[in-house]
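Text of the file model.cif, holding mmCIF, C-alpha atoms:
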data_run
#
loop_
_atom_site.group_PDB
_atom_site.id
_atom_site.type_symbol
_atom_site.label_atom_id
_atom_site.label_comp_id
_atom_site.auth_asym_id
_atom_site.auth_seq_id
_atom_site.Cartn_x
_atom_site.Cartn_y
_atom_site.Cartn_z
ATOM 1 C CA MET A 1253 183.826 201.157 73.361
ATOM 2 C CA LYS A 1254 181.578 202.398 76.139
ATOM 3 C CA LYS A 1255 179.561 204.417 73.618
ATOM 4 C CA ILE A 1256 179.071 201.349 71.410
ATOM 5 C CA LEU A 1257 178.002 199.293 74.416
ATOM 6 C CA PHE A 1258 175.515 202.014 75.406
ATOM 7 C CA ILE A 1259 174.009 202.045 71.899
ATOM 8 C CA ILE A 1260 173.648 198.254 71.900
ATOM 9 C CA ILE A 1261 171.850 198.349 75.265
ATOM 10 C CA LEU A 1262 169.609 201.193 74.104
ATOM 11 C CA LEU A 1263 168.627 199.338 70.919
ATOM 12 C CA SER A 1264 167.917 196.232 72.959
ATOM 13 C CA LEU A 1265 165.615 198.175 75.264
ATOM 14 C CA LEU A 1266 163.792 199.727 72.324
ATOM 15 C CA SER A 1267 163.362 196.329 70.751
ATOM 16 C CA TYR A 1268 162.072 194.936 74.047
ATOM 17 C CA SER A 1269 159.540 197.757 74.376
ATOM 18 C CA LYS A 1270 158.099 196.854 70.989
ATOM 19 C CA ILE A 1271 157.514 193.350 72.259
ATOM 20 C CA VAL A 1272 156.037 194.303 75.612
ATOM 21 C CA PHE A 1273 153.729 197.179 74.811
ATOM 22 C CA SER A 1274 150.442 196.566 73.072
ATOM 23 C CA GLU A 1275 148.460 199.247 71.286
ATOM 24 C CA SER A 1276 145.521 201.630 71.612
ATOM 25 C CA LEU A 1277 142.364 201.401 69.521
ATOM 26 C CA ASN A 1278 143.811 203.597 66.755
ATOM 27 C CA GLU A 1279 146.758 201.254 66.264
ATOM 28 C CA ILE A 1280 144.503 198.183 66.505
ATOM 29 C CA ASN A 1281 142.330 199.611 63.709
ATOM 30 C CA ALA A 1282 145.364 200.527 61.619
ATOM 31 C CA ARG A 1283 146.787 197.042 62.092
ATOM 32 C CA GLY A 1284 143.396 195.524 61.338
ATOM 33 C CA ALA A 1285 143.646 192.973 64.138
ATOM 34 C CA LEU A 1286 143.194 192.573 67.896
ATOM 35 C CA ARG A 1287 146.015 190.608 69.484
ATOM 36 C CA VAL A 1288 144.735 188.227 72.148
ATOM 37 C CA CYS A 1289 146.855 185.987 74.356
ATOM 38 C CA SER A 1290 145.375 182.693 75.483
ATOM 39 C CA PHE A 1291 146.336 179.202 76.614
ATOM 40 C CA SER A 1292 146.624 176.389 74.101
ATOM 41 C CA ASP A 1293 145.243 173.532 76.205
ATOM 42 C CA ARG A 1294 142.789 174.785 78.810
ATOM 43 C CA LEU A 1295 139.249 173.749 77.928
ATOM 44 C CA PRO A 1296 136.592 174.902 78.507
ATOM 45 C CA PHE A 1297 138.401 178.254 78.577
ATOM 46 C CA SER A 1298 140.521 177.966 75.436
ATOM 47 C CA SER A 1299 142.144 175.444 73.121
ATOM 48 C CA ARG A 1300 144.454 175.616 70.146
ATOM 49 C CA TYR A 1301 143.580 172.120 68.976
ATOM 50 C CA GLY A 1302 140.433 170.496 67.631
ATOM 51 C CA GLU A 1303 137.061 171.948 66.741
ATOM 52 C CA VAL A 1304 136.191 173.121 70.266
ATOM 53 C CA LYS A 1305 137.748 176.557 70.722
ATOM 54 C CA GLY A 1306 136.798 177.379 74.317
ATOM 55 C CA PHE A 1307 134.384 180.043 75.507
ATOM 56 C CA GLN A 1308 137.111 182.683 75.871
ATOM 57 C CA ILE A 1309 138.112 182.322 72.218
ATOM 58 C CA GLU A 1310 134.477 182.488 71.139
ATOM 59 C CA LEU A 1311 134.085 185.660 73.199
ATOM 60 C CA ALA A 1312 137.194 187.129 71.556
ATOM 61 C CA GLU A 1313 135.657 186.367 68.158
ATOM 62 C CA GLU A 1314 132.523 188.275 69.137
ATOM 63 C CA ILE A 1315 134.601 191.252 70.288
ATOM 64 C CA VAL A 1316 136.508 191.515 67.005
ATOM 65 C CA LYS A 1317 133.219 191.334 65.082
ATOM 66 C CA GLU A 1318 132.077 194.420 66.960
ATOM 67 C CA LEU A 1319 135.425 196.164 66.366
ATOM 68 C CA ASN A 1320 135.423 195.091 62.705
ATOM 69 C CA VAL A 1321 138.997 193.783 62.867
ATOM 70 C CA ASP A 1322 140.625 190.362 62.647
ATOM 71 C CA LEU A 1323 141.618 188.201 65.602
ATOM 72 C CA GLU A 1324 145.280 187.312 66.161
ATOM 73 C CA ILE A 1325 145.867 184.750 68.901
ATOM 74 C CA THR A 1326 149.202 184.230 70.624
ATOM 75 C CA TRP A 1327 149.183 180.888 72.380
ATOM 76 C CA LEU A 1328 150.850 180.928 75.786
ATOM 77 C CA ARG A 1329 152.062 178.237 78.119
ATOM 78 C CA TYR A 1330 152.278 180.488 81.170
ATOM 79 C CA ARG A 1331 150.373 183.673 81.975
ATOM 80 C CA PHE A 1332 153.443 185.839 82.613
ATOM 81 C CA HIS A 1333 154.542 185.322 78.993
ATOM 82 C CA ALA A 1334 151.804 187.790 78.018
ATOM 83 C CA ARG A 1335 154.032 190.642 79.143
ATOM 84 C CA LYS A 1336 156.500 189.880 76.337
ATOM 85 C CA ALA A 1337 153.998 188.807 73.694
ATOM 86 C CA GLY A 1338 152.597 192.258 72.895
ATOM 87 C CA CYS A 1339 149.022 191.225 73.642
ATOM 88 C CA ASP A 1340 146.239 193.787 73.492
ATOM 89 C CA MET A 1341 144.020 191.576 75.612
ATOM 90 C CA MET A 1342 143.938 188.628 77.981
ATOM 91 C CA MET A 1343 140.524 187.025 78.256
ATOM 92 C CA GLU A 1344 140.440 186.597 82.037
ATOM 93 C CA ALA A 1345 141.150 189.027 84.868
ATOM 94 C CA VAL A 1346 139.760 189.889 88.270
ATOM 95 C CA SER A 1347 137.485 192.904 87.984
ATOM 96 C CA ARG A 1348 137.370 194.689 91.311
ATOM 97 C CA GLU A 1349 136.723 198.306 92.241
ATOM 98 C CA ASN A 1350 139.367 200.157 94.282
ATOM 99 C CA ASP A 1351 141.828 197.316 93.845
ATOM 100 C CA ASP A 1352 145.115 197.534 95.718
ATOM 101 C CA ALA A 1353 147.942 196.818 93.295
ATOM 102 C CA ASP A 1354 150.100 195.296 96.015
ATOM 103 C CA LYS A 1355 147.380 193.140 97.557
ATOM 104 C CA ARG A 1356 147.271 189.435 96.855
ATOM 105 C CA ASP A 1357 144.040 187.483 96.720
ATOM 106 C CA ILE A 1358 144.840 185.399 99.769
ATOM 107 C CA ASP A 1359 148.144 184.898 101.539
ATOM 108 C CA GLY A 1360 150.258 185.479 98.452
ATOM 109 C CA ALA A 1361 148.163 183.547 95.928
ATOM 110 C CA LYS A 1362 147.064 185.098 92.654
ATOM 111 C CA PRO A 1363 144.504 182.778 90.981
ATOM 112 C CA LEU A 1364 143.749 185.204 88.134
ATOM 113 C CA THR A 1365 145.605 187.963 86.330
ATOM 114 C CA ARG A 1366 145.351 191.284 88.133
ATOM 115 C CA ALA A 1367 145.195 194.614 86.377
ATOM 116 C CA SER A 1368 148.101 196.084 88.318
ATOM 117 C CA ASP A 1369 150.991 194.003 87.003
ATOM 118 C CA SER A 1370 153.079 197.019 86.023
ATOM 119 C CA LYS A 1371 153.574 200.595 87.223
ATOM 120 C CA LYS A 1372 156.143 201.619 84.605
ATOM 121 C CA ARG A 1373 153.938 201.823 81.532
ATOM 122 C CA LYS A 1374 152.277 204.896 80.063
ATOM 123 C CA TYR A 1375 149.005 202.978 80.044
ATOM 124 C CA PRO A 1376 149.178 200.281 82.735
ATOM 125 C CA PRO A 1377 147.029 197.159 82.328
ATOM 126 C CA LYS A 1378 143.343 197.731 83.069
ATOM 127 C CA VAL A 1379 140.401 195.428 83.583
ATOM 128 C CA SER A 1380 137.137 195.823 81.726
ATOM 129 C CA ILE A 1381 133.701 195.836 83.263
ATOM 130 C CA PRO A 1382 132.915 192.473 84.898
ATOM 131 C CA ILE A 1383 131.182 190.049 82.574
ATOM 132 C CA VAL A 1384 130.746 186.935 84.729
ATOM 133 C CA ARG A 1385 131.016 185.699 88.297
ATOM 134 C CA MET A 1386 133.511 182.856 88.696
ATOM 135 C CA GLU A 1387 132.745 180.694 91.694
ATOM 136 C CA THR A 1388 134.673 177.917 93.420
ATOM 137 C CA TYR A 1389 133.065 174.664 94.537
ATOM 138 C CA LEU A 1390 134.070 171.789 96.748
ATOM 139 C CA VAL A 1391 133.587 168.853 94.379
ATOM 140 C CA GLY A 1392 133.441 165.148 95.127
ATOM 141 C CA PRO A 1393 131.213 162.068 95.309
ATOM 142 C CA GLU A 1394 127.972 162.928 97.100
ATOM 143 C CA LYS A 1395 128.697 160.571 100.003
ATOM 144 C CA SER A 1396 132.041 162.335 100.554
ATOM 145 C CA VAL A 1397 130.989 165.980 100.340
ATOM 146 C CA GLN A 1398 127.346 166.003 101.408
ATOM 147 C CA ASP A 1399 126.891 168.750 104.051
ATOM 148 C CA LYS A 1400 130.669 169.418 104.082
ATOM 149 C CA ASN A 1401 130.456 173.196 103.792
ATOM 150 C CA SER A 1402 133.175 174.409 106.165
ATOM 151 C CA LEU A 1403 136.879 173.941 106.836
ATOM 152 C CA LYS A 1404 136.092 172.190 110.104
ATOM 153 C CA LEU A 1405 134.047 169.529 108.322
ATOM 154 C CA ILE A 1406 136.797 168.578 105.836
ATOM 155 C CA LYS A 1407 139.603 168.287 108.396
ATOM 156 C CA ASP A 1408 139.804 164.507 107.980
ATOM 157 C CA MET A 1409 139.570 164.506 104.182
ATOM 158 C CA ASN A 1410 142.256 164.376 101.519
ATOM 159 C CA ILE A 1411 141.602 167.497 99.435
ATOM 160 C CA GLY A 1412 142.970 168.211 95.954
ATOM 161 C CA VAL A 1413 144.041 171.762 95.107
ATOM 162 C CA MET A 1414 145.973 173.518 92.359
ATOM 163 C CA ARG A 1415 149.521 174.367 93.448
ATOM 164 C CA GLY A 1416 149.960 178.039 94.286
ATOM 165 C CA SER A 1417 146.238 178.762 94.242
ATOM 166 C CA TRP A 1418 144.423 180.514 97.061
ATOM 167 C CA ALA A 1419 142.854 177.114 97.910
ATOM 168 C CA HIS A 1420 146.343 175.680 98.337
ATOM 169 C CA MET A 1421 147.236 178.489 100.738
ATOM 170 C CA LEU A 1422 143.954 178.058 102.581
ATOM 171 C CA MET A 1423 144.599 174.331 103.119
ATOM 172 C CA GLN A 1424 148.075 175.077 104.443
ATOM 173 C CA LYS A 1425 146.740 177.687 106.814
ATOM 174 C CA ALA A 1426 143.985 175.412 108.091
ATOM 175 C CA LYS A 1427 146.414 172.449 108.327
ATOM 176 C CA ILE A 1428 144.169 170.250 106.214
ATOM 177 C CA LYS A 1429 145.615 167.307 104.285
ATOM 178 C CA TYR A 1430 145.888 168.232 100.626
ATOM 179 C CA ARG A 1431 147.458 167.086 97.351
ATOM 180 C CA THR A 1432 148.948 169.289 94.644
ATOM 181 C CA LYS A 1433 150.126 166.616 92.196
ATOM 182 C CA PHE A 1434 147.712 167.702 89.475
ATOM 183 C CA VAL A 1435 149.067 170.060 86.815
ATOM 184 C CA THR A 1436 145.709 171.256 85.428
ATOM 185 C CA GLU A 1437 142.191 171.600 86.765
ATOM 186 C CA ALA A 1438 141.056 169.043 84.210
ATOM 187 C CA GLU A 1439 143.475 166.541 85.741
ATOM 188 C CA LEU A 1440 142.372 167.556 89.221
ATOM 189 C CA ILE A 1441 138.677 166.908 88.704
ATOM 190 C CA GLN A 1442 139.486 163.646 86.907
ATOM 191 C CA GLY A 1443 141.534 162.716 89.973
ATOM 192 C CA VAL A 1444 138.409 163.239 92.083
ATOM 193 C CA ALA A 1445 136.402 161.007 89.746
ATOM 194 C CA ASP A 1446 139.123 158.342 89.907
ATOM 195 C CA GLY A 1447 139.238 158.441 93.720
ATOM 196 C CA GLU A 1448 142.794 159.779 93.975
ATOM 197 C CA VAL A 1449 141.499 162.433 96.366
ATOM 198 C CA ASP A 1450 138.304 162.583 98.404
ATOM 199 C CA ALA A 1451 137.310 165.961 96.969
ATOM 200 C CA ALA A 1452 138.822 169.057 95.394
ATOM 201 C CA PHE A 1453 138.312 172.781 95.041
ATOM 202 C CA ILE A 1454 137.289 173.351 91.420
ATOM 203 C CA SER A 1455 136.318 176.479 89.479
ATOM 204 C CA SER A 1456 132.690 176.566 88.390
ATOM 205 C CA PRO A 1457 133.437 176.493 84.612
ATOM 206 C CA GLN A 1458 135.624 173.399 84.978
ATOM 207 C CA TYR A 1459 132.987 171.627 87.073
ATOM 208 C CA TRP A 1460 130.133 172.222 84.622
ATOM 209 C CA TRP A 1461 132.340 171.347 81.641
ATOM 210 C CA PHE A 1462 133.319 168.047 83.246
ATOM 211 C CA LEU A 1463 129.682 167.130 83.842
ATOM 212 C CA LYS A 1464 128.800 167.962 80.234
ATOM 213 C CA ASN A 1465 131.500 165.636 78.931
ATOM 214 C CA ASN A 1466 131.065 162.894 81.552
ATOM 215 C CA PRO A 1467 127.319 162.515 82.083
ATOM 216 C CA SER A 1468 127.719 159.029 83.575
ATOM 217 C CA ILE A 1469 130.036 160.243 86.365
ATOM 218 C CA GLU A 1470 128.216 161.639 89.385
ATOM 219 C CA LEU A 1471 130.047 164.392 91.210
ATOM 220 C CA LYS A 1472 128.367 166.792 93.595
ATOM 221 C CA ALA A 1473 129.375 170.428 94.072
ATOM 222 C CA ILE A 1474 129.075 172.195 97.404
ATOM 223 C CA ARG A 1475 128.360 175.718 96.206
ATOM 224 C CA ASP A 1476 127.864 177.348 99.612
ATOM 225 C CA PHE A 1477 131.201 176.330 101.124
ATOM 226 C CA ASP A 1478 132.339 178.742 103.837
ATOM 227 C CA PHE A 1479 135.855 179.726 102.794
ATOM 228 C CA THR A 1480 136.065 182.245 105.690
ATOM 229 C CA ARG A 1481 136.188 185.000 103.030
ATOM 230 C CA ASP A 1482 134.591 185.830 99.685
ATOM 231 C CA VAL A 1483 136.554 183.956 97.032
ATOM 232 C CA SER A 1484 134.000 184.188 94.232
ATOM 233 C CA LEU A 1485 135.410 186.636 91.707
ATOM 234 C CA ASN A 1486 133.938 189.051 89.210
ATOM 235 C CA VAL A 1487 135.841 188.475 85.983
ATOM 236 C CA GLY A 1488 136.415 190.715 82.967
ATOM 237 C CA VAL A 1489 139.090 190.949 80.279
ATOM 238 C CA LEU A 1490 142.556 192.430 80.777
ATOM 239 C CA LEU A 1491 143.537 195.300 78.472
ATOM 240 C CA ARG A 1492 147.241 195.942 78.004
ATOM 241 C CA GLY A 1493 148.556 199.299 76.809
ATOM 242 C CA ALA A 1494 145.029 200.642 76.360
ATOM 243 C CA ASP A 1495 144.179 204.326 76.673
ATOM 244 C CA GLU A 1496 140.832 205.526 78.025
ATOM 245 C CA ILE A 1497 139.244 205.613 74.572
ATOM 246 C CA THR A 1498 140.131 201.969 74.050
ATOM 247 C CA VAL A 1499 138.918 200.920 77.501
ATOM 248 C CA THR A 1500 135.626 202.756 76.969
ATOM 249 C CA LYS A 1501 135.112 201.117 73.565
ATOM 250 C CA ILE A 1502 135.803 197.598 74.837
ATOM 251 C CA ASN A 1503 133.433 198.166 77.768
ATOM 252 C CA GLU A 1504 130.733 199.301 75.336
ATOM 253 C CA VAL A 1505 131.261 196.168 73.253
ATOM 254 C CA LEU A 1506 131.086 193.891 76.306
ATOM 255 C CA LYS A 1507 127.940 195.599 77.565
ATOM 256 C CA HIS A 1508 126.319 195.122 74.154
ATOM 257 C CA LEU A 1509 127.228 191.427 74.196
ATOM 258 C CA LEU A 1510 125.786 191.060 77.701
ATOM 259 C CA ASP A 1511 122.600 192.975 76.886
ATOM 260 C CA ASN A 1512 122.001 190.687 73.911
ATOM 261 C CA ASN A 1513 122.756 187.505 75.906
ATOM 262 C CA ILE A 1514 125.613 186.609 73.576
ATOM 263 C CA ILE A 1515 128.089 186.012 76.401
ATOM 264 C CA GLN A 1516 125.506 184.079 78.414
ATOM 265 C CA ASN A 1517 124.730 181.866 75.407
ATOM 266 C CA ILE A 1518 128.417 181.126 74.829
ATOM 267 C CA TYR A 1519 128.740 179.878 78.404
ATOM 268 C CA ALA A 1520 125.549 177.833 78.064
ATOM 269 C CA SER A 1521 126.892 176.126 74.929
ATOM 270 C CA TYR A 1522 129.678 174.699 77.102
ATOM 271 C CA GLY A 1523 127.207 173.460 79.706
ATOM 272 C CA ILE A 1524 128.318 176.159 82.139
ATOM 273 C CA GLU A 1525 125.786 177.740 84.475
ATOM 274 C CA TYR A 1526 126.278 181.461 83.922
ATOM 275 C CA VAL A 1527 126.332 183.640 87.042
ATOM 276 C CA SER A 1528 126.003 187.405 86.656
ATOM 277 C CA PRO A 1529 128.711 189.532 88.310
ATOM 278 C CA LYS A 1530 127.775 191.226 91.568
#
Please go through the file and, once you have read it, give me the structure as structure tokens.
Amino acid sequence: MKKILFIIILLSLLSYSKIVFSESLNEINARGALRVCSFSDRLPFSSRYGEVKGFQIELAEEIVKELNVDLEITWLRYRFHARKAGCDMMMEAVSRENDDADKRDIDGAKPLTRASDSKKRKYPPKVSIPIVRMETYLVGPEKSVQDKNSLKLIKDMNIGVMRGSWAHMLMQKAKIKYRTKFVTEAELIQGVADGEVDAAFISSPQYWWFLKNNPSIELKAIRDFDFTRDVSLNVGVLLRGADEITVTKINEVLKHLLDNNIIQNIYASYGIEYVSPK
């Protein structure tokens, strides 16, 4: 009986490993497809519905053109589901040299996927070269946010933040009134426009995308806000189960796309002001 139970557990673990571990370039070529995990309703980043795909999906399409394989997308609801989905790639990850696997971005918050989400794999997740600089703005009506570029100057304001984000932790630490009722950034910036909050901390892509789609709504972004630390992030793509050959190839592809302004043009098509990584 014990032997049978052991075999069942072993088979379960083997089955689980097939789900979790993605493949190297050789297997990707043999399969004929790159498996990418993305979110189904997160414009301008990605979308499963409608004609607008999102700039991350368009970037993935450019990558598979260079690899000469097909694109397989697994649509996720939450980021941690990628670990079980067998993804080769996530389209967004912090790209930072000499990263500490156990270090959080700020007081426990992790706004983007980090490369070091596993130490048990033969090829742990790795981040590509940085391809863009993602910034964070304080966004609100001009009369509300004009010259408000420090924590001290927003003490009396009602600030919207995404729950669990570094901005959320920062507001708690600074004892500033905040609201976390909004499920998505799209809802958050709409809440600013509707006057539900005085202002909000918004990622640069979401801000520019909102302006593109709502030209009659005037919202100002404070781009030089003093967060007491550098919270602008160099962003690349996350490679799961990739050996060095695969990482090198993907980096070559991304560099080619950058050198030919393909990535920059994708961002521009969404109304997003592209900022080069530093």
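With all atoms listed in the file as the atoms that count, the minimum distance from Ile1514 (chain A) to the choices A:Val1489, A:Ala1312, A:Leu1295, A:Leu1286 is reached by A:Ala1312.
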Exercise: region 1447-1450 of chain A partners within 9 Å, all atoms listed in the file, chain neighbours under 2 positions left out, as a PyMOL selection string: chain A and resi 1391-1393+1396-1397+1409-1412+1430-1431+1440+1442-1445+1452
Pick out the residues sitting within 12 Å of Lys1425 (chain A), and hand them over as a VMD selection string; count only C-alpha atoms, and ignore anything fewer than 3 positions along from it in its own chain. chain A and resid 1358 to 1360 1403 1407 1418 to 1422 1428 to 1430 1479 to 1480
Output of the above residues as a CSV table (one decimal), keeping the file's coordinate frame, restricted to C-alpha atoms:
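The resulting file, result.csv, is reproduced below:
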chain,number,residue,atom,x,y,z
A,1358,ILE,CA,144.8,185.4,99.8
A,1359,ASP,CA,148.1,184.9,101.5
A,1360,GLY,CA,150.3,185.5,98.5
A,1403,LEU,CA,136.9,173.9,106.8
A,1407,LYS,CA,139.6,168.3,108.4
A,1418,TRP,CA,144.4,180.5,97.1
A,1419,ALA,CA,142.9,177.1,97.9
A,1420,HIS,CA,146.3,175.7,98.3
A,1421,MET,CA,147.2,178.5,100.7
A,1422,LEU,CA,144.0,178.1,102.6
A,1428,ILE,CA,144.2,170.2,106.2
A,1429,LYS,CA,145.6,167.3,104.3
A,1430,TYR,CA,145.9,168.2,100.6
A,1479,PHE,CA,135.9,179.7,102.8
A,1480,THR,CA,136.1,182.2,105.7
In Å and to one decimal, CA of Leu1323 (chain A) is distant from CA of Lys1501 (chain A) by 16.5 Å
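Between Arg1329 (chain A) and the residues A:Cys1289, A:Val1379, A:Ile1406, A:Val1346, the shortest atom-to-atom distance, using all atoms listed in the file, involves A:Cys1289.
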Here's the selection I'm unsure about, the PyMOL selection byres ((chain A and resi 1487) around 9); applied to the file above, which residues does it give, as number ranges by chain? A: 1344-1348, 1364, 1379-1386, 1485-1486, 1488-1489, 1529
Enumerate, as a JSON list (two decimals) with C-alpha atoms, in the coordinates of the input, the residues matched when the PyMOL selection byres ((chain A and resi 1341) around 12) is run on the file above.
[["chain", "number", "residue", "atom", "x", "y", "z"],
["A", 1273, "PHE", "CA", 153.73, 197.18, 74.81],
["A", 1274, "SER", "CA", 150.44, 196.57, 73.07],
["A", 1275, "GLU", "CA", 148.46, 199.25, 71.29],
["A", 1276, "SER", "CA", 145.52, 201.63, 71.61],
["A", 1277, "LEU", "CA", 142.36, 201.40, 69.52],
["A", 1280, "ILE", "CA", 144.50, 198.18, 66.50],
["A", 1285, "ALA", "CA", 143.65, 192.97, 64.14],
["A", 1286, "LEU", "CA", 143.19, 192.57, 67.90],
["A", 1287, "ARG", "CA", 146.01, 190.61, 69.48],
["A", 1288, "VAL", "CA", 144.74, 188.23, 72.15],
["A", 1289, "CYS", "CA", 146.85, 185.99, 74.36],
["A", 1290, "SER", "CA", 145.38, 182.69, 75.48],
["A", 1308, "GLN", "CA", 137.11, 182.68, 75.87],
["A", 1309, "ILE", "CA", 138.11, 182.32, 72.22],
["A", 1311, "LEU", "CA", 134.08, 185.66, 73.20],
["A", 1312, "ALA", "CA", 137.19, 187.13, 71.56],
["A", 1315, "ILE", "CA", 134.60, 191.25, 70.29],
["A", 1316, "VAL", "CA", 136.51, 191.52, 67.00],
["A", 1323, "LEU", "CA", 141.62, 188.20, 65.60],
["A", 1324, "GLU", "CA", 145.28, 187.31, 66.16],
["A", 1325, "ILE", "CA", 145.87, 184.75, 68.90],
["A", 1326, "THR", "CA", 149.20, 184.23, 70.62],
["A", 1331, "ARG", "CA", 150.37, 183.67, 81.98],
["A", 1334, "ALA", "CA", 151.80, 187.79, 78.02],
["A", 1335, "ARG", "CA", 154.03, 190.64, 79.14],
["A", 1337, "ALA", "CA", 154.00, 188.81, 73.69],
["A", 1338, "GLY", "CA", 152.60, 192.26, 72.90],
["A", 1339, "CYS", "CA", 149.02, 191.22, 73.64],
["A", 1340, "ASP", "CA", 146.24, 193.79, 73.49],
["A", 1342, "MET", "CA", 143.94, 188.63, 77.98],
["A", 1343, "MET", "CA", 140.52, 187.02, 78.26],
["A", 1344, "GLU", "CA", 140.44, 186.60, 82.04],
["A", 1345, "ALA", "CA", 141.15, 189.03, 84.87],
["A", 1365, "THR", "CA", 145.60, 187.96, 86.33],
["A", 1367, "ALA", "CA", 145.20, 194.61, 86.38],
["A", 1377, "PRO", "CA", 147.03, 197.16, 82.33],
["A", 1378, "LYS", "CA", 143.34, 197.73, 83.07],
["A", 1379, "VAL", "CA", 140.40, 195.43, 83.58],
["A", 1380, "SER", "CA", 137.14, 195.82, 81.73],
["A", 1488, "GLY", "CA", 136.42, 190.72, 82.97],
["A", 1489, "VAL", "CA", 139.09, 190.95, 80.28],
["A", 1490, "LEU", "CA", 142.56, 192.43, 80.78],
["A", 1491, "LEU", "CA", 143.54, 195.30, 78.47],
["A", 1492, "ARG", "CA", 147.24, 195.94, 78.00],
["A", 1493, "GLY", "CA", 148.56, 199.30, 76.81],
["A", 1494, "ALA", "CA", 145.03, 200.64, 76.36],
["A", 1498, "THR", "CA", 140.13, 201.97, 74.05],
["A", 1499, "VAL", "CA", 138.92, 200.92, 77.50],
["A", 1502, "ILE", "CA", 135.80, 197.60, 74.84]]
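Nearest to Asp1511 (chain A) of all the residues A:Ser1298, A:Ser1528, A:Ser1292, A:Ser1417 is A:Ser1528, based on only C-alpha atoms.
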Explicit residue set for the PyMOL selection byres ((chain A and resi 1524) around 10), as a PyMOL selection string: chain A and resi 1296+1307+1456-1464+1516-1523+1525-1527
Gap from CA of Val1304 (chain A) to CA of Lys1472 (chain A) - Å, one decimal: 25.4 Å
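Distances to Arg1294 (chain A) were evaluated for A:Glu1318, A:Glu1504, A:Glu1470, A:Glu1437 using only C-alpha atoms, and the minimum falls at A:Glu1437.
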Quick one: pull the distance between CA of Leu1390 (chain A) and CA of Ile1454 (chain A), Å, one decimal. 6.4 Å
Residue among A:Thr1388, A:Asn1278, A:Ser1455, A:Glu1310 lying closest to Val1483 (chain A), counting only C-alpha atoms: A:Thr1388
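Shortest atom-to-atom contact with Leu1506 (chain A) among A:Ile1474, A:Leu1319, A:Ala1426, A:Ile1441: A:Leu1319, counting all atoms listed in the file.
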